[in-house]
file model_30.pdb (PDB, C-alpha atoms)
ATOM      1  CA  MET A  22     102.517 225.265-113.467
ATOM      2  CA  SER A  23     103.958 223.864-116.682
ATOM      3  CA  LYS A  24     106.527 221.147-116.990
ATOM      4  CA  LYS A  25     109.996 222.124-118.022
ATOM      5  CA  PRO A  26     111.137 220.546-121.325
ATOM      6  CA  PRO A  27     114.120 218.168-121.142
ATOM      7  CA  SER A  28     117.486 219.801-121.645
ATOM      8  CA  ARG A  29     118.445 217.355-124.389
ATOM      9  CA  CYS A  30     116.176 215.806-126.921
ATOM     10  CA  TYR A  31     117.468 212.994-129.094
ATOM     11  CA  MET A  32     115.732 212.618-132.425
ATOM     12  CA  PHE A  33     117.534 209.436-133.389
ATOM     13  CA  PRO A  34     117.500 205.957-131.881
ATOM     14  CA  LYS A  35     120.116 205.177-129.269
ATOM     15  CA  GLN A  36     122.077 201.962-129.076
ATOM     16  CA  LEU A  37     120.802 199.504-126.509
ATOM     17  CA  GLY A  38     124.325 198.634-125.339
ATOM     18  CA  GLY A  39     124.901 202.128-123.942
ATOM     19  CA  ALA A  40     121.664 202.087-121.977
ATOM     20  CA  LEU A  41     122.249 198.586-120.622
ATOM     21  CA  GLN A  42     125.717 199.440-119.395
ATOM     22  CA  PHE A  43     124.342 202.351-117.376
ATOM     23  CA  THR A  44     121.460 200.383-115.857
ATOM     24  CA  THR A  45     123.347 197.183-115.054
ATOM     25  CA  GLU A  46     126.459 198.852-113.634
ATOM     26  CA  GLN A  47     124.963 199.360-110.150
ATOM     27  CA  ALA A  48     123.555 195.819-110.018
ATOM     28  CA  MET A  49     126.966 194.370-110.897
ATOM     29  CA  LYS A  50     128.692 196.495-108.237
ATOM     30  CA  ASN A  51     126.221 195.241-105.610
ATOM     31  CA  ARG A  52     127.299 191.668-106.398
ATOM     32  CA  GLY A  53     130.993 192.516-106.226
ATOM     33  CA  PHE A  54     131.687 192.638-109.958
ATOM     34  CA  LEU A  55     133.587 195.915-109.959
ATOM     35  CA  GLN A  56     135.026 195.069-113.350
ATOM     36  CA  PRO A  57     132.343 194.210-115.903
ATOM     37  CA  ASP A  58     135.036 192.435-117.945
ATOM     38  CA  LEU A  59     134.613 189.432-115.673
ATOM     39  CA  LEU A  60     131.133 188.826-117.024
ATOM     40  CA  ARG A  61     132.037 189.693-120.597
ATOM     41  CA  ARG A  62     135.077 187.409-120.630
ATOM     42  CA  TRP A  63     133.522 184.560-118.638
ATOM     43  CA  ALA A  64     134.154 182.091-121.484
ATOM     44  CA  ASP A  65     137.863 183.013-121.495
ATOM     45  CA  ILE A  66     138.158 182.531-117.741
ATOM     46  CA  MET A  67     136.289 179.245-117.474
ATOM     47  CA  GLY A  68     136.958 177.700-120.860
ATOM     48  CA  LYS A  69     134.283 176.864-123.409
ATOM     49  CA  PRO A  70     132.960 173.573-121.973
ATOM     50  CA  LEU A  71     132.592 174.937-118.444
ATOM     51  CA  CYS A  72     131.116 178.345-119.245
ATOM     52  CA  ASP A  73     128.035 176.713-120.776
ATOM     53  CA  HIS A  74     127.232 174.930-117.511
ATOM     54  CA  CYS A  75     128.082 177.490-114.826
ATOM     55  CA  THR A  76     127.327 181.120-113.993
ATOM     56  CA  PRO A  77     129.118 183.619-111.741
ATOM     57  CA  ILE A  78     126.848 184.696-108.908
ATOM     58  CA  LYS A  79     128.978 186.930-106.728
ATOM     59  CA  LEU A  80     132.567 188.018-106.208
ATOM     60  CA  VAL A  81     133.451 188.712-102.570
ATOM     61  CA  HIS A  82     136.591 190.820-102.200
ATOM     62  CA  ALA A  83     138.996 190.414 -99.304
ATOM     63  CA  GLY A  84     138.522 192.825 -96.443
ATOM     64  CA  PRO A  85     138.625 193.116 -92.653
ATOM     65  CA  ARG A  86     135.683 190.751 -92.146
ATOM     66  CA  GLN A  87     136.630 188.399 -94.979
ATOM     67  CA  PRO A  88     140.409 187.777 -95.054
ATOM     68  CA  GLN A  89     140.212 185.839 -98.331
ATOM     69  CA  GLY A  90     138.247 186.752-101.430
ATOM     70  CA  SER A  91     135.944 184.202-103.025
ATOM     71  CA  LEU A  92     134.133 183.670-106.302
ATOM     72  CA  HIS A  93     130.645 182.178-105.997
ATOM     73  CA  ILE A  94     129.624 180.037-108.984
ATOM     74  CA  ARG A  95     126.337 178.276-109.674
ATOM     75  CA  CYS A  96     126.689 175.132-111.763
ATOM     76  CA  ARG A  97     124.712 172.129-112.924
ATOM     77  CA  GLY A  98     125.153 168.636-111.562
ATOM     78  CA  ALA A  99     128.454 166.858-112.105
ATOM     79  CA  TRP A 100     130.166 169.971-113.508
ATOM     80  CA  ALA A 101     130.908 170.980-109.910
ATOM     81  CA  LEU A 102     133.599 168.305-109.777
ATOM     82  CA  GLU A 103     135.209 169.655-112.945
ATOM     83  CA  ILE A 104     135.229 173.183-111.500
ATOM     84  CA  GLN A 105     136.755 171.874-108.286
ATOM     85  CA  LEU A 106     139.517 170.120-110.223
ATOM     86  CA  GLN A 107     140.303 173.212-112.298
ATOM     87  CA  GLU A 108     140.038 175.698-109.403
ATOM     88  CA  PRO A 109     143.750 176.756-109.442
ATOM     89  CA  ILE A 110     143.619 177.376-113.212
ATOM     90  CA  ILE A 111     140.362 179.348-112.986
ATOM     91  CA  LEU A 112     141.678 181.504-110.136
ATOM     92  CA  GLU A 113     144.900 182.189-112.057
ATOM     93  CA  ARG A 114     142.946 183.293-115.144
ATOM     94  CA  LEU A 115     140.769 185.521-112.960
ATOM     95  CA  SER A 116     143.884 187.075-111.421
ATOM     96  CA  MET A 117     145.340 187.756-114.871
ATOM     97  CA  LEU A 118     142.127 189.505-115.918
ATOM     98  CA  CYS A 119     141.917 191.718-112.816
ATOM     99  CA  GLY A 120     145.645 192.355-112.451
ATOM    100  CA  TYR A 121     145.816 191.087-108.880
ATOM    101  CA  ARG A 122     144.707 188.054-106.855
ATOM    102  CA  VAL A 123     141.083 188.983-106.299
ATOM    103  CA  ALA A 124     139.905 185.577-105.031
ATOM    104  CA  SER A 125     141.658 182.729-103.295
ATOM    105  CA  ARG A 126     138.863 180.160-103.469
ATOM    106  CA  ILE A 127     135.747 179.189-105.393
ATOM    107  CA  ILE A 128     132.452 178.466-103.682
ATOM    108  CA  ILE A 129     130.203 176.207-105.742
ATOM    109  CA  LEU A 130     126.440 176.594-105.405
ATOM    110  CA  ARG A 131     123.765 174.368-106.889
TER     111      ARG A 131
END

call {"tool": "encode", "arguments": {"input": "model_30.pdb", "output": "structure tokens"}}
result
Amino acid sequence: MSKKPPSRCYMFPKQLGGALQFTTEQAMKNRGFLQPDLLRRWADIMGKPLCDHCTPIKLVHAGPRQPQGSLHIRCRGAWALEIQLQEPIILERLSMLCGYRVASRIIILR
């Protein structure tokens, strides 16, 4: 029994960005990031000083079990206070990116 040759054979190198998008799409959906723009535009949402010290972990959408959506952020040390102070601004920027109010609070993890 012989193996069947692949239907398409590419004789030129492929761009890594196309392959990464396909492989990371399911992982992002499992964490609630239905729009990959959130991760790509993280610096625009948080602002330059904050984006260097914090990372989005998960985005929980509102539903029957969770009446309010939440954005889970991991940050370093005293930057948690800065995120807490700027929470309304961050949530407004996130809403502008998604087109609707996707989260109503931020949960800070260390």

call {"tool": "residues_around", "arguments": {"input": "model_30.pdb", "residues": "Arg95 (chain A)", "least_positions_apart": "6", "cutoff": "10 Å", "atoms": "all atoms listed in the file", "output": "ChimeraX atom specification"}}
result
/A:74-79,101,128-131

call {"tool": "closest_residue", "arguments": {"input": "model_30.pdb", "among": "A:Gly84, A:Gly98, A:Gly68, A:Gly90", "to": "Tyr121 (chain A)", "atoms": "only C-alpha atoms"}}
result
A:Gly90

call {"tool": "atom_distance", "arguments": {"input": "model_30.pdb", "atom1": "CA of Glu113 (chain A)", "atom2": "CA of His93 (chain A)"}}
result
15.5 Å

call {"tool": "closest_residue", "arguments": {"input": "model_30.pdb", "among": "A:Ser91, A:Arg86, A:Glu103, A:Pro70", "to": "Ser116 (chain A)", "atoms": "all atoms listed in the file"}}
result
A:Ser91

call {"tool": "closest_residue", "arguments": {"input": "model_30.pdb", "among": "A:Leu92, A:Cys119, A:Met67, A:Leu80", "to": "Ile104 (chain A)", "atoms": "only C-alpha atoms"}}
result
A:Met67

call {"tool": "atom_distance", "arguments": {"input": "model_30.pdb", "atom1": "CA of Met49 (chain A)", "atom2": "CA of Pro85 (chain A)"}}
result
21.7 Å

call {"tool": "atom_distance", "arguments": {"input": "model_30.pdb", "atom1": "CA of Cys72 (chain A)", "atom2": "CA of Cys96 (chain A)"}}
result
9.3 Å
